[in-house]
Amino acid sequence: MTEMQKLYLLVPLAPLFGAIVAGLFGKVVGRAGAHSVTILGVAVSFLASIVIFQDVQAGNVFNGTLYTWATSGSLTLEVGFLIDSLTVMMMLVVTFVSLMVHIYTIGYMSEDPGYQRFFSYISLFTFSMLMLVMSNNFLQLFFGWEAVGLVSYLLIGFWYTRPTAIFANMKAFLVNRVGDFGFLLGIGLVAAFAGTLNYAEVFAKAGELAGMTVPATGWPLITAICIGLFIGAMGKSAQVPLHVWLPDSMEGPTPISALIHAATMVTAGIFMVARMSPLFELSEAALSFVLVIGATTALFMGFLGIVQNDIKRVVAYSTLSQLGYMTVALGVSAYSAAVFHLMTHAFFKALLFLGAGSVIIGMHHDQDMRNMGGLWKYMPITWLTSLLGSLALIGFPFLSGFYSKDMIIEAVKLSHIPGAGYAYFCVIVGVFVTAFYSFRMYFLVFHGEERFGKEVEHHGHEHAHGDHADDHHGDDHDDHAHHGLAPGQKPHESPWVVTLPLVLLAIPSVIVGFFTIEPMLFGGFFDKVIHIGENHGVLKELAEEFHGAYGMAIHGLMTLPFALAMSGVALAWFFYMVAPSIPAAIMRTFKPIHTLLENKYYFDRFNEIVFAGGARLLGRGLWKIGDQAVIDGMVVNGSAKFVGLIAQLSRLFQSGHIYQYAFSMIFGVVILLTFWFNRG
Amino acid sequence: MTGIPFLSLAIWVPIVGGLLALATGSDRNASVARFVALFFALAGLAVSIPLYTGFDVSTSAMQFVETYSWIPRFNINYVLGVDGISVLFVLLNSFITVIVVLAGWEVIQEKVAQYMAGFLIMSGLINGIFSALDGVLFYVFFEASLIPLFIIIGVWGGPNRVYAAIKFFLYTLAGSLLMLVALLYLFMESGGSFSILDWHQLKLGMDAQTLLFWAFLASFAVKIPMFPVHTWLPDAHVEAPTGGSIVLAAIGLKLGAYGFLRFSLPIAPDASQAFAPMIITLSLIAVIYIGFVALVQTDMKKLVAYSSISHMGFVTLGFFIFNPLGIEGALVQMISHGFVSGAMFACIGVLYDRMHSRQIADYGGVVNVMPKFAALFMLFSMANSGLPATSGFVGEFMVALGAVQYNFWVGFAAATTLIVGAAYTLWMYKRVVFGAITNHHVSELTDLNNREFVFLAILAVCVLAMGIYPYPVTEVMHASVNDLLKHVSASKL
């Protein structure tokens with residue numbers, strides 16, 4: 001094993017080591033021990049990723065097997081690494097955001113009794129996510145895929161005494177499993193027809209696969225594979241209609257909302273499709289499917305962000321919408337634009353979530369924006385960094401989000417695949433919607449009237465208590481009293497362990513786009529990794545128009561998306577700063593629409609009644625009718641009863657009375673004789 | 001290879017140990033009986049290990065063969081031997097015996113010697129089933145192993161134990177009798193041989209193969225159990241003591257599946273091919289139908305029992321799609337299911353010992369008072385839902401891939417277990433473990449003691465090790481499975 005290969009191995013193993021120490025020996029190492037060892041693990045991982053990045057920049061790509069997991073027939077299942085530009089970019093994003101979140105957690109979870117457990121989980125997550133992105137085959141991809149799902153499940157239900165949390169985590173797991181169902185079938189088709197699960201070998205056979213059809217269905221094989229895999233991505237990256245778990249995942253502590261449910265895990269689907277570009281490029285139908293799903297998510301989830309009052313839920317819907325943008329980029333074959341947006345989004349969305357978390361700390365675990373207002377005075381660092389994050393999110397020129405989002409919009413505009421028109425409409429309207437809900441949140445939280453410290457009825461809350469033996473039943477209900485600011489109390493800025501990550505994330509949120517757009521999109525950084533078909537060269541066309549990051553930003557000031565974003569901000573300002581009576585009036589006038597949005601288009605209701613209720617009804621029916629009535633009732637106990645009946649009857653003949661036996665014999669003889677004589 | 005008869009040792013060491021435990025007599029010597037049982041269970045495991053370490057993976061031939069004449073007049077011999085299919089089950093069985101002895105350690109307070117003896121004797125007999133190469137010897141072990149389990153359920157079981165024990169006994173015996181007829185028929189046809197390996201080579205017509213296939217099916221389908229002859233299993237589990245459930249799930253269900261590979265497929269390959277669509281259909285019904293039934297169970301043991309049936313559906317599915325991924329995946333699934341279902345029943349036993357209830361509704365918030373238990377139970381629940389890095393994933397994944405290869409829609413139906421399996425397991429876990437403490441019984445629970453922690457931790461290590469690195473398990477099977485597949489594809493007509 002070369003030095004470099006040892007370094008590859010170190011990247012996932014360092015966080016795993018931290019997770020094991022903090023998880024199994026949490027009591028021994030104590031709180032400081034747990035956070036030190038996990039932070040050290042992730043820091044090592046981050047530094048190693050930087051070294052590997054430089055190595056990859058120097059042109060070294062690695063694709064090799066770590067160990068053979070199992071073999072069967074001609075199929076070899078392995079665990080191994082593929083280290084190329086796409087991998088290393090993901091490694092940097094994952095380890096950097098994870099490191100920030102680890103540090104932030106020291107402050108955020110400081111009062112939580114599950115402190116060590118939390119650090120163990122987030123380190124375990126980092127390990128799983130790294131295994132996912134570093135994989136060189138579908139098996140390990142699926143491995144990491146499900147492992148991040150598991151940790152997400154554990155973290156959403158971190159406060160396991162709360163009914164909403166343990167409902168949300170089960171929902172997240174099961175909805176993801178629906179996606180994994182498609183994913184597994186996709187992998188199964190790859191294994192069956194390519195005879196291998198190694199990426200490079202599969203891609204080498206892609207052309208061959210493109211000519212085949214799936215027996216028993218008649219579907220084009222490549223389309224079936226891609227749609228199967230994409231269904232997996234729909235679960236993990238929360239695309240309509242498998243998006244329903246993500247808003248509920250906000251039941252988890254805020255640091256993981258930033259790490260898992262914004263920056264990294266939810267982008268695994270985007271990463272995966274980008275990785276599979278040699279396959280997706282061969283199926284126009286799959287790309288169209290991807291495009292339409294993404295566009296729908298981008299726009300319609302954005303609308304939901306407008307009506308939320310819980311600060312975390314606004315950011316959650318914004319994440320859904322941004323994931324939709326990335327998916328749209330995949331659909332128009334602008335894979336590198338998708339990955340570019342994935343990266344910038346990881347920074348500014350982690351920033352926004354951590355900023356929201358800081359606000360929540362300042363508000364004493366009150367999450368309802370209606371109780372906030374004017375916080376800029378009290379929390380200057382949180383305020384400024386959140387403002388920068390919001391500006392990046394809405395695509396303000398020069399900020400990172402501008403470059404990535406504008407590229408997606410331009411790419412959709414140039415695309416000709418079916419659905420591109422609809423997608424363009426969605427992403428362009430989405431710009432306005434994003435700006436509106438983002439600045440609605442910004443104004444409600446940081447400006448205007450100070451609404452905190454009053455007696456109010458509504459409490460969105462996230463409490464950091466929960467899991468002890470002495471937390472007896474019943475207590476949970478009156479916990480509310482502890483949350484939110486008491487009358488007269490003022491919010492306060494969070495400690496440095498919280499604000500430092502905000503600042504460190506704000507820096508890339510502002511500058512990373514400016515510096516990386518040229519190398520990542522037009523400088524051939526992904527050339528050998530991402531494959532783009534002949535007719536799908538939208539990025540090539542864009543490259544011809546591109547004249548540097550500065551010129552693009554200046555030009556951006558005169559484009560339609562900028563105008564839309566600014567009008568979104570202006571409208572938010574007008575509605576929530578100048579004339580707060582207007583939104584209320586609109587809400588009354590368009591009651592049905594508001595109800596529809598408030599109920600999230602009734603997806604949850606539908607799933608609960610049709611799928612959850614239907615499954616229970618079906619199960620009960622099969623059990624009561626199939627197992628109990630038919631099989632046991634009629635067949636098993638029926639045959640027992642039949643045997644019993646025969647026995648009852650034959651017992652009548654064994655009376656023990658000689659005369660009865662004698663009579664039976666004579667009777668029998670008579671009958672036999674009758675037959676004898678009549679036998680004809 | 002040394003001349004030590006490891007297979008005979010694996011059979012007779014536990015049986016002798018069982019008889020010795022029995023000899024300790026009344027409950028005054030209970031602790032002696034326990035230690036005797038543990039010693040011989042460990043000894044049984046120790047003599048099984050050389051079977052793996054000394055196993056030659058390059059050949060499909062029987063290994064560790066021992067031949068002695070038994071009843072020369074009918075050409076009945078005491079012939080033992082293992083191949084890549086059976087050797088793992090001898091190991092699994094010897095291992096599970098240790099777990100069962102530990103699981104019943106202080107839980108069983110009455111008739112301790114008899115209880116321990118029952119399990120040890122059963123362990124020896126089951127090793128006999130997996131290593132017998134003579135039809136009569138197989139049949140004797142097969143039937144004799146019923147008796148200890150029947151007694152264990154009938155004596156140490158729950159309130160409705162007699163109904164369950166008799167249902168279990170009659171169900172399985174009814175099937176076995178048809179198998180006996182089949183064995184006698186094969187004896188006649190082969191010109192007076194009871195050698196199972198001879199039977200594999202025997203040319204048979206389609207009619208004969210069909211009848212044999214059905215006779216074996218009657219016996220094995222009940223044992224597995226396959227839909228629709230599965231209803232004895234939930235009843236048996238509910239009434240059985242924890243140890244009985246562990247053995248039944250971990251080993252008992254494997255006997256029928258093993259029978260398919262040792263008898264049905266190689267002896268009646270053409271009939272197996274012809275009836276494969278039927279078996280596949282029944283398997284998929286088991287996976288889906290039983291999955292939904294498991295979802296609505298209110299009794300934890302019943303839920304896990306139904307989940308076992310569903311998982312065994314994957315096994316029969318894997319066998320009858322006739323590709324290496326399917327059969328090897330099914331074998332891996334059988335081993336994994338031994339660990340996982342054993343562990344699930346052990347976990348339920350841990351709760352039952354404290355609360356004397358198996359009703360999900362009586363629990364809630366267990367994690368607050370039993371964090372160690374909750375962590376291990378989480379691992380086993382995840383393994384039961386087939387999460388990667390646990391053993392539960394390996395077999396399901398391989399069979400699912402094999403099924404897609406066989407026919408897309410079969411794979412499609414099988415893959416639904418990903419959703420349904422997770423739903424019933426996690427929903428149970430949520431209601432039992434998560435949440436606030438629901439009642440004062442739960443608040444008085446104590447966490448795992450050292451004994452419980454040890455045997456659950458051992459199982460946890462097995463589950464993880466096999467999930468992370470299944471290669472040592474799959475490696476052993478290749479030669480035998482490939483040989484079997486060659487056998488199945490070559491017509492005997």
# chains A, B, ... in the order shown; residues from 1 in each chain; ligands from 1
$ closest_atom_pairs --of "chain B" --to "chain A" --cutoff "6 Å" --atoms "only C-alpha atoms" --output "Markdown table"
| residue | atom | partner | partner_atom | distance |
| --- | --- | --- | --- | --- |
| B:Phe292 | CA | A:Gly619 | CA | 4.3 |
| B:Val293 | CA | A:Gly619 | CA | 4.4 |
| B:Val296 | CA | A:Gly619 | CA | 5.8 |
| B:Pro324 | CA | A:Gly73 | CA | 5.2 |
| B:Leu325 | CA | A:Ser72 | CA | 5.6 |
| B:Asn368 | CA | A:Ala469 | CA | 5.2 |
| B:Val369 | CA | A:Ala469 | CA | 5.6 |
| B:Pro388 | CA | A:Phe143 | CA | 5.3 |
| B:Leu401 | CA | A:Gly188 | CA | 4.6 |
| B:Val404 | CA | A:Gly188 | CA | 5.7 |
| B:Gln405 | CA | A:Ala192 | CA | 4.8 |
| B:Ile419 | CA | A:Arg177 | CA | 5.4 |
| B:Phe434 | CA | A:Tyr160 | CA | 5.6 |
| B:Gly435 | CA | A:Thr161 | CA | 3.9 |
| B:Ala436 | CA | A:Thr161 | CA | 4.5 |
| B:Ile437 | CA | A:His473 | CA | 5.5 |
| B:Tyr469 | CA | A:Trp69 | CA | 5.5 |
| B:Pro470 | CA | A:Ala70 | CA | 5.8 |
| B:Tyr471 | CA | A:Ala70 | CA | 4.3 |
$ residues_around --residues "Lys236 in chain A" --least-positions-apart "5" --cutoff "7 Å" --atoms "only C-alpha atoms" --output "ChimeraX atom specification"
/A:176,266,268-269
$ closest_residue --among "A:Ala553, A:Ile106, A:Val427, A:Ile530" --to "Arg275 in chain A" --atoms "only C-alpha atoms"
A:Ile530
$ residues_around --residues "range 56-59 of chain B" --least-positions-apart "6" --cutoff "9 Å" --atoms "only C-alpha atoms" --output "MDAnalysis selection string"
chainID B and resid 83:84 475:480
$ select_by_dssp --residues "range 259-298 of chain A" --states "alpha helix (DSSP H)" --output "number ranges by chain"
A: 268-275, 277-280, 284-298
$ write_last_selection --atoms "C-alpha atoms" --output "mmCIF file, in the first residue's frame"
data_model
loop_
_atom_site.group_PDB
_atom_site.id
_atom_site.type_symbol
_atom_site.label_atom_id
_atom_site.label_comp_id
_atom_site.auth_asym_id
_atom_site.auth_seq_id
_atom_site.Cartn_x
_atom_site.Cartn_y
_atom_site.Cartn_z
ATOM 1 C CA ALA A 268 -25.888 12.271 -2.084
ATOM 2 C CA GLY A 269 -28.530 11.756 -4.760
ATOM 3 C CA ILE A 270 -27.155 14.644 -6.807
ATOM 4 C CA PHE A 271 -23.640 13.332 -6.413
ATOM 5 C CA MET A 272 -24.718 9.856 -7.415
ATOM 6 C CA VAL A 273 -26.418 10.980 -10.627
ATOM 7 C CA ALA A 274 -23.395 13.093 -11.516
ATOM 8 C CA ARG A 275 -21.207 10.054 -10.923
ATOM 9 C CA SER A 277 -23.400 10.540 -16.037
ATOM 10 C CA PRO A 278 -22.061 7.920 -18.505
ATOM 11 C CA LEU A 279 -25.288 6.000 -17.959
ATOM 12 C CA PHE A 280 -27.758 8.869 -17.737
ATOM 13 C CA GLU A 284 -33.083 10.903 -22.903
ATOM 14 C CA ALA A 285 -36.222 9.587 -21.190
ATOM 15 C CA ALA A 286 -34.484 9.272 -17.838
ATOM 16 C CA LEU A 287 -33.020 12.758 -18.174
ATOM 17 C CA SER A 288 -36.426 14.204 -18.920
ATOM 18 C CA PHE A 289 -37.833 12.422 -15.912
ATOM 19 C CA VAL A 290 -35.059 13.839 -13.758
ATOM 20 C CA LEU A 291 -35.643 17.290 -15.166
ATOM 21 C CA VAL A 292 -39.385 17.383 -14.562
ATOM 22 C CA ILE A 293 -39.121 16.010 -11.031
ATOM 23 C CA GLY A 294 -36.407 18.491 -10.198
ATOM 24 C CA ALA A 295 -38.252 21.449 -11.647
ATOM 25 C CA THR A 296 -41.406 20.557 -9.766
ATOM 26 C CA THR A 297 -39.477 20.283 -6.527
ATOM 27 C CA ALA A 298 -37.648 23.547 -7.132
#
$ residues_around --residues "Gln308 in chain A" --least-positions-apart "2" --cutoff "10 Å" --atoms "only C-alpha atoms" --output "MDAnalysis selection string"
chainID A and resid 303:306 310:317 368:369 437 441 597:598
$ write_last_selection --atoms "C-alpha atoms" --output "short mmCIF file (atom, residue, chain, number, x, y, z; two decimals), in the first residue's frame"
data_model
loop_
_atom_site.label_atom_id
_atom_site.label_comp_id
_atom_site.auth_asym_id
_atom_site.auth_seq_id
_atom_site.Cartn_x
_atom_site.Cartn_y
_atom_site.Cartn_z
CA PHE A 303 -44.01 28.04 -2.34
CA LEU A 304 -44.29 26.09 0.90
CA GLY A 305 -41.41 28.06 2.36
CA ILE A 306 -43.56 31.18 2.19
CA ASP A 310 -40.91 27.90 12.17
CA ILE A 311 -37.48 29.27 11.32
CA LYS A 312 -35.99 25.83 10.67
CA ARG A 313 -38.84 24.79 8.42
CA VAL A 314 -38.35 27.80 6.18
CA VAL A 315 -34.74 26.78 5.72
CA ALA A 316 -35.84 23.16 5.18
CA TYR A 317 -38.20 24.08 2.35
CA ASP A 368 -41.35 30.63 15.99
CA MET A 369 -40.47 33.64 13.85
CA TYR A 437 -39.29 33.61 1.51
CA MET A 441 -37.48 35.15 7.19
CA LEU A 597 -49.90 25.40 1.20
CA GLU A 598 -50.40 25.13 4.92
#
$ select_by_dssp --residues "range 11-258 of chain B" --states "strand (DSSP E or B)" --output "list of chain:residue names"
B:Gln63, B:Phe64, B:Val65, B:Glu66, B:Thr67, B:Tyr68, B:Ser69, B:Trp70, B:Ile71, B:Ile76, B:Asn77, B:Tyr78, B:Val79, B:Leu80, B:Gly81, B:Val82, B:Ala132, B:Asp134, B:Ser195
$ write_last_selection --atoms "C-alpha atoms" --output "compact mmCIF listing (two decimals), in the first residue's frame"
# COMPACT_ATOMS: atom_id res chain seq x y z
CA GLN B 63 -15.38 -33.96 3.58
CA PHE B 64 -14.71 -35.39 7.03
CA VAL B 65 -16.46 -38.52 5.83
CA GLU B 66 -17.00 -41.33 8.33
CA THR B 67 -18.50 -44.65 7.30
CA TYR B 68 -19.57 -47.48 9.56
CA SER B 69 -21.97 -50.25 8.90
CA TRP B 70 -25.12 -49.94 10.97
CA ILE B 71 -27.82 -52.39 9.82
CA ILE B 76 -28.13 -48.97 6.23
CA ASN B 77 -24.92 -47.24 7.18
CA TYR B 78 -23.74 -44.66 9.61
CA VAL B 79 -22.27 -42.29 7.04
CA LEU B 80 -21.39 -38.74 7.90
CA GLY B 81 -19.85 -35.99 5.82
CA VAL B 82 -20.19 -32.30 5.11
CA ALA B 132 -25.96 -37.57 7.71
CA ASP B 134 -27.51 -42.07 4.72
CA SER B 195 -26.85 -43.48 0.29
$ atom_distance --atom1 "CA of Glu444 in chain B" --atom2 "CA of Leu456 in chain B"
21.5 Å
$ decode --residues "range 65-129 of chain B" --atoms "C-alpha atoms" --output "CSV table (one decimal), in the first residue's frame"
chain,number,residue,atom,x,y,z
B,65,VAL,CA,-16.5,-38.5,5.8
B,66,GLU,CA,-17.0,-41.3,8.3
B,67,THR,CA,-18.5,-44.7,7.3
B,68,TYR,CA,-19.6,-47.5,9.6
B,69,SER,CA,-22.0,-50.3,8.9
B,70,TRP,CA,-25.1,-49.9,11.0
B,71,ILE,CA,-27.8,-52.4,9.8
B,72,PRO,CA,-26.1,-54.4,7.1
B,73,ARG,CA,-29.2,-56.4,6.3
B,74,PHE,CA,-30.8,-53.4,4.8
B,75,ASN,CA,-27.6,-51.7,3.7
B,76,ILE,CA,-28.1,-49.0,6.2
B,77,ASN,CA,-24.9,-47.2,7.2
B,78,TYR,CA,-23.7,-44.7,9.6
B,79,VAL,CA,-22.3,-42.3,7.0
B,80,LEU,CA,-21.4,-38.7,7.9
B,81,GLY,CA,-19.8,-36.0,5.8
B,82,VAL,CA,-20.2,-32.3,5.1
B,83,ASP,CA,-19.9,-30.1,2.0
B,84,GLY,CA,-19.9,-26.4,1.6
B,85,ILE,CA,-23.6,-26.3,2.1
B,86,SER,CA,-23.9,-28.2,5.3
B,87,VAL,CA,-20.7,-27.4,7.1
B,88,LEU,CA,-21.8,-23.9,8.0
B,89,PHE,CA,-25.0,-25.1,9.6
B,90,VAL,CA,-23.1,-27.5,11.9
B,91,LEU,CA,-21.1,-24.5,13.1
B,92,LEU,CA,-24.2,-22.3,13.4
B,93,ASN,CA,-26.0,-25.0,15.4
B,94,SER,CA,-23.1,-25.6,17.8
B,95,PHE,CA,-22.7,-21.9,18.3
B,96,ILE,CA,-26.4,-21.3,18.9
B,97,THR,CA,-26.4,-24.1,21.5
B,98,VAL,CA,-24.0,-22.0,23.6
B,99,ILE,CA,-26.2,-19.0,23.3
B,100,VAL,CA,-29.2,-20.9,24.3
B,101,VAL,CA,-27.6,-22.3,27.4
B,102,LEU,CA,-26.6,-18.8,28.4
B,103,ALA,CA,-30.0,-17.4,27.6
B,104,GLY,CA,-31.7,-19.9,29.9
B,105,TRP,CA,-29.1,-19.7,32.6
B,106,GLU,CA,-31.0,-18.3,35.6
B,107,VAL,CA,-34.3,-17.7,33.8
B,108,ILE,CA,-35.2,-21.4,34.0
B,109,GLN,CA,-35.6,-22.3,37.6
B,110,GLU,CA,-37.6,-25.5,37.3
B,111,LYS,CA,-36.4,-28.8,35.9
B,112,VAL,CA,-33.1,-27.2,35.0
B,113,ALA,CA,-31.3,-30.4,34.3
B,114,GLN,CA,-34.0,-31.6,31.9
B,115,TYR,CA,-34.2,-28.2,30.2
B,116,MET,CA,-30.5,-28.1,29.5
B,117,ALA,CA,-30.4,-31.8,28.5
B,118,GLY,CA,-33.2,-31.2,26.0
B,119,PHE,CA,-31.2,-28.5,24.3
B,120,LEU,CA,-27.9,-30.3,24.2
B,121,ILE,CA,-29.5,-33.5,22.9
B,122,MET,CA,-31.3,-31.6,20.3
B,123,SER,CA,-28.1,-29.9,19.3
B,124,GLY,CA,-26.4,-33.2,18.7
B,125,LEU,CA,-29.3,-34.6,16.8
B,126,ILE,CA,-29.4,-31.5,14.6
B,127,ASN,CA,-25.7,-31.8,13.8
B,128,GLY,CA,-26.6,-35.3,12.8
B,129,ILE,CA,-29.2,-34.0,10.3
